[in-house]
file upload.cif (mmCIF, C-alpha atoms)
data_start
#
loop_
_atom_site.label_atom_id
_atom_site.label_comp_id
_atom_site.auth_asym_id
_atom_site.auth_seq_id
_atom_site.Cartn_x
_atom_site.Cartn_y
_atom_site.Cartn_z
CA MET A 1 -32.01 -6.45 20.26
CA VAL A 2 -35.03 -4.24 19.52
CA GLU A 3 -36.93 -6.07 22.25
CA LYS A 4 -34.22 -5.31 24.77
CA ILE A 5 -34.16 -1.61 23.95
CA ASP A 6 -37.96 -1.35 24.32
CA VAL A 7 -37.84 -2.98 27.71
CA ASN A 8 -35.13 -0.65 28.93
CA ILE A 9 -37.01 2.46 27.83
CA THR A 10 -40.14 1.23 29.66
CA ILE A 11 -38.10 0.57 32.79
CA GLU A 12 -36.52 4.01 32.66
CA LYS A 13 -39.91 5.68 32.33
CA VAL A 14 -41.41 3.66 35.15
CA ASN A 15 -38.39 4.18 37.39
CA LYS A 16 -38.47 7.93 36.75
CA ARG A 17 -42.13 8.06 37.69
CA LEU A 18 -41.56 6.01 40.85
CA LEU A 19 -38.57 8.13 41.92
CA GLU A 20 -40.58 11.33 41.37
CA GLN A 21 -43.39 9.90 43.47
CA ASN A 22 -40.87 8.87 46.14
CA ASP A 23 -39.33 12.35 46.21
CA ARG A 24 -42.72 14.01 46.63
CA VAL A 25 -43.54 11.81 49.62
CA ALA A 26 -40.03 12.33 51.08
CA GLU A 27 -40.41 16.10 50.80
CA SER A 28 -43.75 16.02 52.62
CA ILE A 29 -42.30 13.84 55.41
CA ARG A 30 -39.37 16.24 55.86
CA LYS A 31 -41.72 19.25 55.98
CA MET A 32 -44.03 17.59 58.52
CA LEU A 33 -41.10 16.63 60.78
CA SER A 34 -39.52 20.11 60.51
CA GLU A 35 -42.82 21.70 61.53
CA LYS A 36 -42.89 19.49 64.63
CA GLY A 37 -39.28 20.44 65.46
CA ILE A 38 -38.06 16.89 64.83
CA MET A 39 -34.74 16.23 63.12
CA ALA A 40 -34.64 13.03 61.06
CA VAL A 41 -31.25 11.33 60.87
CA GLU A 42 -30.88 8.42 58.46
CA PHE A 43 -28.20 5.76 58.96
CA LEU A 44 -26.99 3.85 55.91
CA GLY A 45 -24.26 1.25 55.45
CA GLY A 46 -23.44 -2.37 54.66
CA PRO A 47 -24.62 -5.31 56.77
CA GLY A 48 -22.83 -5.41 60.11
CA SER A 49 -21.30 -1.94 59.80
CA GLY A 50 -22.70 -1.12 63.25
CA LYS A 51 -25.61 1.19 62.48
CA THR A 52 -27.84 -0.14 65.29
CA SER A 53 -25.07 0.04 67.90
CA LEU A 54 -24.34 3.68 67.02
CA ILE A 55 -28.05 4.51 67.28
CA GLU A 56 -28.16 2.81 70.70
CA ARG A 57 -25.22 4.90 71.91
CA LEU A 58 -26.68 8.17 70.57
CA SER A 59 -30.16 7.43 71.98
CA ILE A 60 -28.69 6.94 75.47
CA LEU A 61 -26.73 10.21 75.16
CA ILE A 62 -29.82 12.18 74.08
CA GLY A 63 -32.28 10.46 76.39
CA PRO A 64 -34.41 7.67 74.91
CA SER A 65 -37.73 9.44 75.58
CA LYS A 66 -36.80 12.13 73.05
CA VAL A 67 -35.97 9.63 70.31
CA ALA A 68 -38.13 7.71 67.83
CA TYR A 69 -36.75 4.95 65.61
CA ILE A 70 -37.76 3.38 62.31
CA GLY A 71 -35.75 0.30 61.34
CA GLY A 72 -35.76 -1.23 57.88
CA ASP A 73 -34.80 -4.84 57.36
CA VAL A 74 -35.47 -7.54 54.79
CA ALA A 75 -36.67 -10.15 57.27
CA THR A 76 -36.27 -9.79 61.06
CA SER A 77 -37.04 -7.16 63.71
CA PHE A 78 -33.87 -7.77 65.76
CA ASP A 79 -32.65 -4.17 65.51
CA THR A 80 -35.99 -2.65 66.46
CA GLU A 81 -36.22 -4.96 69.49
CA ARG A 82 -32.74 -3.83 70.60
CA ILE A 83 -33.59 -0.15 70.25
CA SER A 84 -37.02 -0.60 71.82
CA LYS A 85 -35.46 -2.05 74.99
CA LEU A 86 -33.82 1.31 75.66
CA GLY A 87 -37.22 2.96 75.96
CA VAL A 88 -37.13 4.43 72.45
CA ARG A 89 -40.43 4.40 70.53
CA ALA A 90 -39.53 2.07 67.70
CA VAL A 91 -41.23 0.71 64.58
CA GLN A 92 -40.02 -2.04 62.30
CA ILE A 93 -40.41 -2.02 58.52
CA ASN A 94 -39.95 -5.42 56.98
CA THR A 95 -39.34 -4.70 53.32
CA GLY A 96 -40.07 -8.32 52.39
CA GLY A 97 -36.87 -8.73 50.44
CA ILE A 98 -36.67 -5.21 49.00
CA CYS A 99 -33.08 -3.98 49.33
CA HIS A 100 -33.79 -0.42 50.52
CA LEU A 101 -36.31 1.81 52.29
CA GLU A 102 -38.55 4.16 50.33
CA ALA A 103 -40.38 7.26 51.46
CA LEU A 104 -43.72 5.42 51.34
CA HIS A 105 -42.38 2.90 53.88
CA VAL A 106 -41.38 5.69 56.25
CA GLU A 107 -44.69 7.51 55.74
CA LYS A 108 -46.57 4.35 56.70
CA ALA A 109 -44.35 3.72 59.76
CA LEU A 110 -44.78 7.33 60.92
CA LYS A 111 -48.55 6.84 61.09
CA THR A 112 -48.05 4.29 63.87
CA LEU A 113 -45.58 6.41 65.90
CA ASN A 114 -46.60 8.84 68.63
CA LEU A 115 -44.30 11.81 67.98
CA GLU A 116 -45.32 13.77 71.10
CA GLY A 117 -42.15 15.00 72.85
CA ILE A 118 -39.87 13.51 70.19
CA ARG A 119 -36.87 15.61 69.10
CA TYR A 120 -35.01 13.12 66.92
CA LEU A 121 -36.13 10.44 64.50
CA PHE A 122 -33.45 7.87 63.70
CA ILE A 123 -34.14 5.95 60.50
CA GLU A 124 -32.00 2.86 60.00
CA ASN A 125 -31.96 1.74 56.39
CA VAL A 126 -31.54 -1.85 55.19
CA GLY A 127 -27.94 -3.13 55.47
CA ASN A 128 -26.77 -2.36 51.94
CA LEU A 129 -23.98 -0.07 50.78
CA ILE A 130 -25.49 0.58 47.34
CA CYS A 131 -29.25 0.74 46.69
CA PRO A 132 -30.59 2.75 49.66
CA PHE A 133 -28.64 5.85 48.61
CA GLU A 134 -30.88 6.28 45.55
CA PHE A 135 -34.03 6.83 47.59
CA ASP A 136 -34.78 9.95 49.62
CA VAL A 137 -36.76 8.77 52.67
CA GLY A 138 -37.44 12.24 54.04
CA SER A 139 -34.48 12.59 56.41
CA HIS A 140 -32.66 15.87 57.12
CA VAL A 141 -29.24 14.29 57.47
CA ARG A 142 -27.66 11.16 56.04
CA VAL A 143 -25.01 9.25 57.97
CA LEU A 144 -22.91 6.68 56.11
CA VAL A 145 -21.49 3.99 58.41
CA VAL A 146 -18.56 1.85 57.26
CA SER A 147 -16.83 -0.63 59.56
CA ALA A 148 -13.03 -0.75 59.68
CA GLY A 149 -13.55 -4.52 59.58
CA GLU A 150 -14.84 -4.20 56.01
CA GLY A 151 -11.39 -3.21 54.79
CA GLU A 152 -9.45 -0.08 53.97
CA ASP A 153 -10.69 0.35 50.38
CA LYS A 154 -14.41 0.60 51.13
CA PHE A 155 -14.92 4.34 50.42
CA LEU A 156 -13.03 4.16 47.14
CA LYS A 157 -15.03 1.10 46.11
CA HIS A 158 -18.34 2.77 46.95
CA PRO A 159 -17.74 6.45 46.16
CA MET A 160 -21.41 7.27 45.48
CA SER A 161 -22.34 6.25 49.03
CA ALA A 162 -19.78 8.67 50.48
CA ALA A 163 -20.68 11.39 47.98
CA LEU A 164 -24.38 11.25 48.87
CA SER A 165 -23.93 11.45 52.67
CA ASN A 166 -23.67 14.41 55.07
CA VAL A 167 -21.73 12.65 57.81
CA ILE A 168 -19.34 9.76 57.20
CA VAL A 169 -18.44 7.38 60.03
CA VAL A 170 -15.55 4.93 60.20
CA ASN A 171 -16.94 2.61 62.87
CA LYS A 172 -15.51 -0.44 64.71
CA VAL A 173 -12.07 1.19 64.75
CA ASP A 174 -11.17 -1.15 67.60
CA LEU A 175 -10.93 -3.81 64.86
CA ALA A 176 -8.44 -1.80 62.76
CA PRO A 177 -5.25 -3.36 64.24
CA HIS A 178 -6.69 -6.87 63.84
CA VAL A 179 -7.48 -6.41 60.15
CA GLY A 180 -4.43 -4.25 59.37
CA VAL A 181 -6.51 -1.28 58.29
CA ASP A 182 -5.07 2.25 58.19
CA VAL A 183 -7.93 4.35 59.63
CA GLU A 184 -6.22 7.62 58.67
CA LYS A 185 -6.21 6.50 55.04
CA MET A 186 -9.92 5.72 55.23
CA VAL A 187 -10.57 9.20 56.62
CA ARG A 188 -8.48 10.78 53.85
CA ASP A 189 -10.34 8.76 51.18
CA ALA A 190 -13.71 9.83 52.59
CA ARG A 191 -12.64 13.50 52.63
CA LYS A 192 -11.30 13.23 49.08
CA ILE A 193 -14.65 11.91 47.78
CA ASN A 194 -16.79 14.30 49.79
CA GLY A 195 -15.11 17.49 51.02
CA GLN A 196 -18.41 18.78 52.44
CA ALA A 197 -19.16 15.86 54.74
CA LYS A 198 -17.99 15.61 58.32
CA VAL A 199 -15.89 12.49 58.90
CA VAL A 200 -15.94 10.87 62.35
CA VAL A 201 -14.04 7.85 63.69
CA THR A 202 -15.99 5.75 66.18
CA SER A 203 -16.22 2.48 68.05
CA ALA A 204 -19.72 1.75 69.28
CA LYS A 205 -18.10 -1.02 71.35
CA THR A 206 -15.68 1.16 73.35
CA GLY A 207 -17.59 4.44 73.05
CA GLU A 208 -14.76 6.16 71.18
CA GLY A 209 -15.94 9.04 69.01
CA ILE A 210 -19.62 8.86 70.01
CA LYS A 211 -19.61 12.41 71.44
CA GLU A 212 -17.87 13.66 68.30
CA LEU A 213 -20.57 12.00 66.21
CA ALA A 214 -23.27 13.68 68.32
CA GLU A 215 -21.49 17.01 67.76
CA ALA A 216 -21.17 16.43 64.03
CA LEU A 217 -24.95 15.81 63.96
CA LYS A 218 -25.52 18.87 66.21
CA LEU A 219 -27.60 16.76 68.58
CA LYS A 220 -28.69 18.55 71.76
CA LEU A 221 -27.66 16.32 74.65
CA MET B 222 -53.90 5.12 44.09
CA VAL B 223 -54.92 3.82 40.66
CA GLU B 224 -51.80 5.35 39.20
CA LYS B 225 -49.61 3.51 41.69
CA ILE B 226 -51.22 0.15 40.91
CA ASP B 227 -50.71 0.66 37.18
CA VAL B 228 -47.06 1.46 37.65
CA ASN B 229 -46.50 -1.61 39.79
CA ILE B 230 -48.14 -3.92 37.26
CA THR B 231 -45.95 -2.48 34.50
CA ILE B 232 -42.84 -2.98 36.65
CA GLU B 233 -43.80 -6.54 37.44
CA LYS B 234 -44.31 -7.34 33.77
CA VAL B 235 -41.05 -5.72 32.74
CA ASN B 236 -39.13 -7.34 35.60
CA LYS B 237 -40.54 -10.76 34.70
CA ARG B 238 -39.45 -10.31 31.09
CA LEU B 239 -35.98 -9.18 32.12
CA LEU B 240 -35.53 -12.06 34.57
CA GLU B 241 -36.63 -14.55 31.91
CA GLN B 242 -34.12 -13.05 29.49
CA ASN B 243 -31.44 -13.20 32.21
CA ASP B 244 -32.21 -16.85 32.96
CA ARG B 245 -31.95 -17.81 29.27
CA VAL B 246 -28.53 -16.19 28.98
CA ALA B 247 -27.40 -17.74 32.30
CA GLU B 248 -28.45 -21.18 31.09
CA SER B 249 -26.48 -20.79 27.85
CA ILE B 250 -23.37 -19.65 29.78
CA ARG B 251 -23.60 -22.64 32.11
CA LYS B 252 -24.01 -25.02 29.17
CA MET B 253 -21.05 -23.51 27.29
CA LEU B 254 -18.80 -23.72 30.37
CA SER B 255 -19.88 -27.31 31.14
CA GLU B 256 -19.04 -28.33 27.57
CA LYS B 257 -15.55 -26.90 28.02
CA GLY B 258 -15.12 -28.76 31.35
CA ILE B 259 -15.05 -25.50 33.29
CA MET B 260 -16.76 -25.20 36.67
CA ALA B 261 -18.09 -21.73 37.45
CA VAL B 262 -18.11 -20.79 41.14
CA GLU B 263 -19.87 -17.58 42.13
CA PHE B 264 -18.95 -15.72 45.33
CA LEU B 265 -21.60 -13.50 46.91
CA GLY B 266 -21.65 -11.51 50.14
CA GLY B 267 -21.70 -8.07 51.71
CA PRO B 268 -18.94 -5.47 51.22
CA GLY B 269 -15.77 -6.49 53.02
CA SER B 270 -16.89 -10.03 53.75
CA GLY B 271 -13.62 -11.28 52.21
CA LYS B 272 -14.70 -12.70 48.86
CA THR B 273 -11.57 -11.57 47.02
CA SER B 274 -9.20 -12.91 49.69
CA LEU B 275 -10.87 -16.33 49.59
CA ILE B 276 -10.59 -16.38 45.80
CA GLU B 277 -6.89 -15.49 46.10
CA ARG B 278 -6.31 -18.37 48.51
CA LEU B 279 -8.22 -20.88 46.35
CA SER B 280 -6.50 -19.74 43.13
CA ILE B 281 -3.09 -20.34 44.70
CA LEU B 282 -4.19 -23.81 45.89
CA ILE B 283 -5.49 -24.79 42.43
CA GLY B 284 -2.72 -23.14 40.43
CA PRO B 285 -3.47 -19.69 38.94
CA SER B 286 -3.00 -20.82 35.34
CA LYS B 287 -6.10 -23.02 35.63
CA VAL B 288 -8.29 -20.21 36.95
CA ALA B 289 -10.17 -17.38 35.26
CA TYR B 290 -11.84 -14.58 37.20
CA ILE B 291 -14.68 -12.16 36.54
CA GLY B 292 -15.07 -9.44 39.16
CA GLY B 293 -18.13 -7.23 39.47
CA ASP B 294 -17.93 -3.87 41.18
CA VAL B 295 -19.85 -0.61 41.12
CA ALA B 296 -16.80 1.59 40.54
CA THR B 297 -13.20 0.33 40.88
CA SER B 298 -11.13 -2.56 39.56
CA PHE B 299 -9.17 -3.10 42.81
CA ASP B 300 -10.22 -6.74 43.22
CA THR B 301 -9.45 -7.69 39.63
CA GLU B 302 -5.99 -6.11 39.92
CA ARG B 303 -5.32 -8.17 43.08
CA ILE B 304 -6.40 -11.42 41.43
CA SER B 305 -4.59 -10.60 38.20
CA LYS B 306 -1.27 -10.23 40.06
CA LEU B 307 -1.42 -13.94 40.93
CA GLY B 308 -1.30 -14.86 37.25
CA VAL B 309 -5.04 -15.50 36.98
CA ARG B 310 -6.73 -14.35 33.76
CA ALA B 311 -9.05 -11.70 35.14
CA VAL B 312 -11.71 -9.37 33.74
CA GLN B 313 -13.42 -6.50 35.50
CA ILE B 314 -17.09 -5.61 35.10
CA ASN B 315 -17.91 -2.14 36.29
CA THR B 316 -21.66 -2.17 36.72
CA GLY B 317 -21.76 1.63 36.79
CA GLY B 318 -23.74 1.79 39.99
CA ILE B 319 -25.90 -1.30 39.42
CA CYS B 320 -26.03 -3.30 42.64
CA HIS B 321 -25.58 -6.80 41.18
CA LEU B 322 -24.20 -8.78 38.25
CA GLU B 323 -26.49 -10.10 35.53
CA ALA B 324 -25.93 -12.93 33.07
CA LEU B 325 -25.49 -10.45 30.21
CA HIS B 326 -22.54 -8.87 32.08
CA VAL B 327 -20.89 -12.26 32.46
CA GLU B 328 -21.59 -13.18 28.84
CA LYS B 329 -19.88 -9.97 27.71
CA ALA B 330 -16.89 -10.51 30.03
CA LEU B 331 -16.48 -14.12 28.82
CA LYS B 332 -16.01 -12.87 25.25
CA THR B 333 -12.79 -11.17 26.32
CA LEU B 334 -11.40 -14.16 28.27
CA ASN B 335 -9.19 -16.84 26.76
CA LEU B 336 -10.55 -20.02 28.35
CA GLU B 337 -7.87 -22.35 26.95
CA GLY B 338 -6.59 -24.56 29.78
CA ILE B 339 -9.01 -23.06 32.31
CA ARG B 340 -10.68 -25.45 34.75
CA TYR B 341 -12.38 -23.01 37.10
CA LEU B 342 -14.11 -19.69 36.58
CA PHE B 343 -14.50 -17.64 39.75
CA ILE B 344 -17.18 -14.99 39.49
CA GLU B 345 -17.12 -12.38 42.26
CA ASN B 346 -20.42 -10.55 42.53
CA VAL B 347 -20.85 -6.95 43.70
CA GLY B 348 -20.50 -6.55 47.49
CA ASN B 349 -24.17 -6.77 48.46
CA LEU B 350 -25.93 -9.29 50.67
CA ILE B 351 -29.36 -8.84 49.04
CA CYS B 352 -29.82 -8.04 45.34
CA PRO B 353 -27.27 -10.32 43.60
CA PHE B 354 -29.05 -13.46 44.82
CA GLU B 355 -32.01 -12.72 42.51
CA PHE B 356 -29.98 -13.04 39.32
CA ASP B 357 -28.60 -16.27 37.92
CA VAL B 358 -25.27 -15.40 36.28
CA GLY B 359 -24.62 -18.87 34.85
CA SER B 360 -22.56 -20.34 37.68
CA HIS B 361 -22.66 -23.99 38.72
CA VAL B 362 -22.16 -23.30 42.42
CA ARG B 363 -22.99 -20.35 44.64
CA VAL B 364 -20.84 -19.51 47.66
CA LEU B 365 -22.23 -17.11 50.26
CA VAL B 366 -19.48 -15.36 52.25
CA VAL B 367 -20.31 -13.69 55.56
CA SER B 368 -17.63 -12.20 57.82
CA ALA B 369 -17.71 -12.92 61.56
CA GLY B 370 -16.97 -9.19 61.88
CA GLU B 371 -20.45 -8.44 60.53
CA GLY B 372 -22.04 -9.86 63.68
CA GLU B 373 -23.61 -13.05 64.88
CA ASP B 374 -27.13 -12.42 63.56
CA LYS B 375 -26.26 -12.06 59.89
CA PHE B 376 -27.70 -15.33 58.54
CA LEU B 377 -30.98 -14.85 60.41
CA LYS B 378 -31.23 -11.27 59.14
CA HIS B 379 -30.58 -12.34 55.54
CA PRO B 380 -32.16 -15.81 55.31
CA MET B 381 -32.80 -15.66 51.54
CA SER B 382 -29.06 -15.27 50.87
CA ALA B 383 -28.31 -18.43 52.85
CA ALA B 384 -31.28 -20.29 51.37
CA LEU B 385 -30.17 -19.56 47.79
CA SER B 386 -26.52 -20.68 48.20
CA ASN B 387 -24.85 -24.07 47.83
CA VAL B 388 -21.89 -23.41 50.11
CA ILE B 389 -22.01 -21.03 53.08
CA VAL B 390 -18.80 -19.59 54.48
CA VAL B 391 -18.27 -17.90 57.85
CA ASN B 392 -15.09 -15.98 57.03
CA LYS B 393 -12.72 -13.78 59.10
CA VAL B 394 -13.21 -16.08 62.08
CA ASP B 395 -9.98 -14.68 63.50
CA LEU B 396 -12.11 -11.58 64.31
CA ALA B 397 -14.71 -13.58 66.29
CA PRO B 398 -13.12 -13.08 69.74
CA HIS B 399 -12.67 -9.34 69.10
CA VAL B 400 -16.34 -8.81 68.21
CA GLY B 401 -17.70 -11.35 70.72
CA VAL B 402 -19.28 -13.51 68.03
CA ASP B 403 -20.20 -17.16 68.66
CA VAL B 404 -19.09 -18.86 65.42
CA GLU B 405 -20.82 -22.12 66.35
CA LYS B 406 -24.13 -20.27 66.61
CA MET B 407 -23.58 -18.77 63.14
CA VAL B 408 -22.92 -22.26 61.75
CA ARG B 409 -26.07 -23.59 63.43
CA ASP B 410 -28.15 -20.68 62.04
CA ALA B 411 -26.82 -21.30 58.54
CA ARG B 412 -27.62 -25.03 58.78
CA LYS B 413 -31.11 -24.27 60.10
CA ILE B 414 -31.90 -22.01 57.13
CA ASN B 415 -30.34 -24.27 54.53
CA GLY B 416 -29.91 -27.93 55.46
CA GLN B 417 -28.62 -28.77 51.97
CA ALA B 418 -25.70 -26.34 51.89
CA LYS B 419 -22.21 -27.14 53.10
CA VAL B 420 -21.12 -24.74 55.85
CA VAL B 421 -17.41 -23.94 56.17
CA VAL B 422 -15.56 -21.78 58.70
CA THR B 423 -12.57 -19.89 57.28
CA SER B 424 -10.04 -17.15 57.79
CA ALA B 425 -8.50 -15.98 54.55
CA LYS B 426 -5.98 -14.14 56.73
CA THR B 427 -4.62 -17.16 58.64
CA GLY B 428 -5.50 -19.81 56.05
CA GLU B 429 -7.85 -21.64 58.43
CA GLY B 430 -10.51 -23.68 56.62
CA ILE B 431 -9.30 -22.92 53.09
CA LYS B 432 -8.67 -26.61 52.31
CA GLU B 433 -12.09 -27.49 53.74
CA LEU B 434 -13.63 -24.88 51.45
CA ALA B 435 -11.78 -26.35 48.46
CA GLU B 436 -13.12 -29.79 49.44
CA ALA B 437 -16.66 -28.46 49.86
CA LEU B 438 -16.38 -27.08 46.33
CA LYS B 439 -14.83 -30.35 45.09
CA LEU B 440 -11.93 -28.44 43.54
CA LYS B 441 -9.16 -30.59 42.11
CA LEU B 442 -5.91 -29.32 43.63
#
call {"tool": "encode", "arguments": {"input": "upload.cif", "output": "structure tokens"}}
result
Amino acid sequence: MVEKIDVNITIEKVNKRLLEQNDRVAESIRKMLSEKGIMAVEFLGGPGSGKTSLIERLSILIGPSKVAYIGGDVATSFDTERISKLGVRAVQINTGGICHLEALHVEKALKTLNLEGIRYLFIENVGNLICPFEFDVGSHVRVLVVSAGEGEDKFLKHPMSAALSNVIVVNKVDLAPHVGVDVEKMVRDARKINGQAKVVVTSAKTGEGIKELAEALKLKL
Amino acid sequence: MVEKIDVNITIEKVNKRLLEQNDRVAESIRKMLSEKGIMAVEFLGGPGSGKTSLIERLSILIGPSKVAYIGGDVATSFDTERISKLGVRAVQINTGGICHLEALHVEKALKTLNLEGIRYLFIENVGNLICPFEFDVGSHVRVLVVSAGEGEDKFLKHPMSAALSNVIVVNKVDLAPHVGVDVEKMVRDARKINGQAKVVVTSAKTGEGIKELAEALKLKL
């Protein structure tokens, strides 16, 4: 038992040091972007919640030439290829199995991006409803994306994710009737957990709610 | 830079020690369950992939009195309450924010479960398509559950999850036409990543494929 306690204390110390380092880098990223007049919007959510599709829709609304994109994934660059096709300057971060993005990843990706004329940086985190929320990656705004197809109870089951976001999206609402999900209940749950966040109902497939999401993010179209 | 390297080496050492400890506990759980004639089946997958619904269906097929259940979640005990209602002996593990189950969690939960007459232990991991796969929790079989509603590319985007599972399930196939997903392509992708695993197509909603899943798991009905 003594061994176990020692190990845990070491881990806590190391984790604290790493998180402090992460936060310092995140703060410097945010400052640099603010100085350039770029707003960084981070999208977080489980696998298949529809983060990439929402970013596609918003990029088209804004005008792809004003948007840069950093996509985090454990293995492929599918999402970055999709976004890139729109004419958005896009960089892929393959985390090599790591379950979340960190500020150092974003700092490295930013070095390869030409930010001339860019107004918005969309950062898509790894598809994971838990771990990414612990790490500040230097964004100004955090958008949590949950798909109606994931089931009605998702906000209650992952309250920290909703609590740590600025905008909360119930996406794929076109699926709600097929899975028997009460979207209004999901919205109420989200509001109950985080009274400060804006809650938006969208379908990246049909286009429903995309303008409302752009308004909630105060994007200039 | 030197500081960063030091920290990483410490983390690696500590992680290695923790994983070794985890594996020892997992091995002892597996041995204990085998001696009692209990088969432990672990269900892993992203949030809302339908793990709980599949476990409900299988428990009813087997007979709830022969099933025990351990459910891992970051915050609520919704899933355990659902399973418990069927007459299954069920225990909840709230990980308190931790993104995966570990063998020590399962060991602790097992101490509270009466295993008399139990033939199958279903362990439902935290809804997360990445982290839980790293930790052996003492199960005999691993079932990866991916929902068709999460999109066609899911296996390719998370190849380690498919590679580290014994049975791979494409669930919620009733949603496939609504999201424009080619289920056959998903099955082919899964087979390509893991030629050893059995791949089953299910809908916990309609009951499609549940018997095939029971057969793939060699459950005695």
call {"tool": "axis_aligned_box", "arguments": {"input": "upload.cif", "around": "region 411-428 of chain B", "padding_each_side": "3 Å", "output": "lines of an AutoDock Vina configuration file"}}
result
center_x = -18.3
center_y = -21.5
center_z = 56.0
size_x = 33.3
size_y = 20.6
size_z = 14.2
call {"tool": "interface_residues", "arguments": {"input": "upload.cif", "of": "chain A", "to": "chain B", "cutoff": "8 Å", "atoms": "all atoms listed in the file", "output": "MDAnalysis selection string"}}
result
chainID A and resid 7 10:11 14 18 46:49 73:76 78 97 99 128:131 149:151 154 156:159 175 178
call {"tool": "atom_distance", "arguments": {"input": "upload.cif", "atom1": "CA of Phe135 (chain A)", "atom2": "CA of Ala383 (chain B)"}}
result
26.4 Å
call {"tool": "atom_distance", "arguments": {"input": "upload.cif", "atom1": "CA of Phe376 (chain B)", "atom2": "CA of Val143 (chain A)"}}
result
24.7 Å
call {"tool": "closest_residue", "arguments": {"input": "upload.cif", "among": "B:Val246, B:Ala411, B:Ile344, B:Val309", "to": "Glu328 (chain B)", "atoms": "only C-alpha atoms"}}
result
B:Val246
call {"tool": "residues_around", "arguments": {"input": "upload.cif", "residues": "Lys439 (chain B)", "least_positions_apart": "2", "cutoff": "12 Å", "atoms": "all atoms listed in the file", "output": "JSON, numbers by chain"}}
result
{"B": [260, 261, 262, 279, 283, 341, 361, 362, 388, 419, 432, 433, 434, 435, 436, 437, 441, 442]}
call {"tool": "atom_distance", "arguments": {"input": "upload.cif", "atom1": "CA of Ala384 (chain B)", "atom2": "CA of Met407 (chain B)"}}
result
14.1 Å
call {"tool": "resolve_selection", "arguments": {"input": "upload.cif", "expression": "the PyMOL selection byres ((chain A and resi 136) around 10)", "output": "ChimeraX atom specification"}}
result
/A:19,22-27,30,42,101-103,132-135,137-140,142
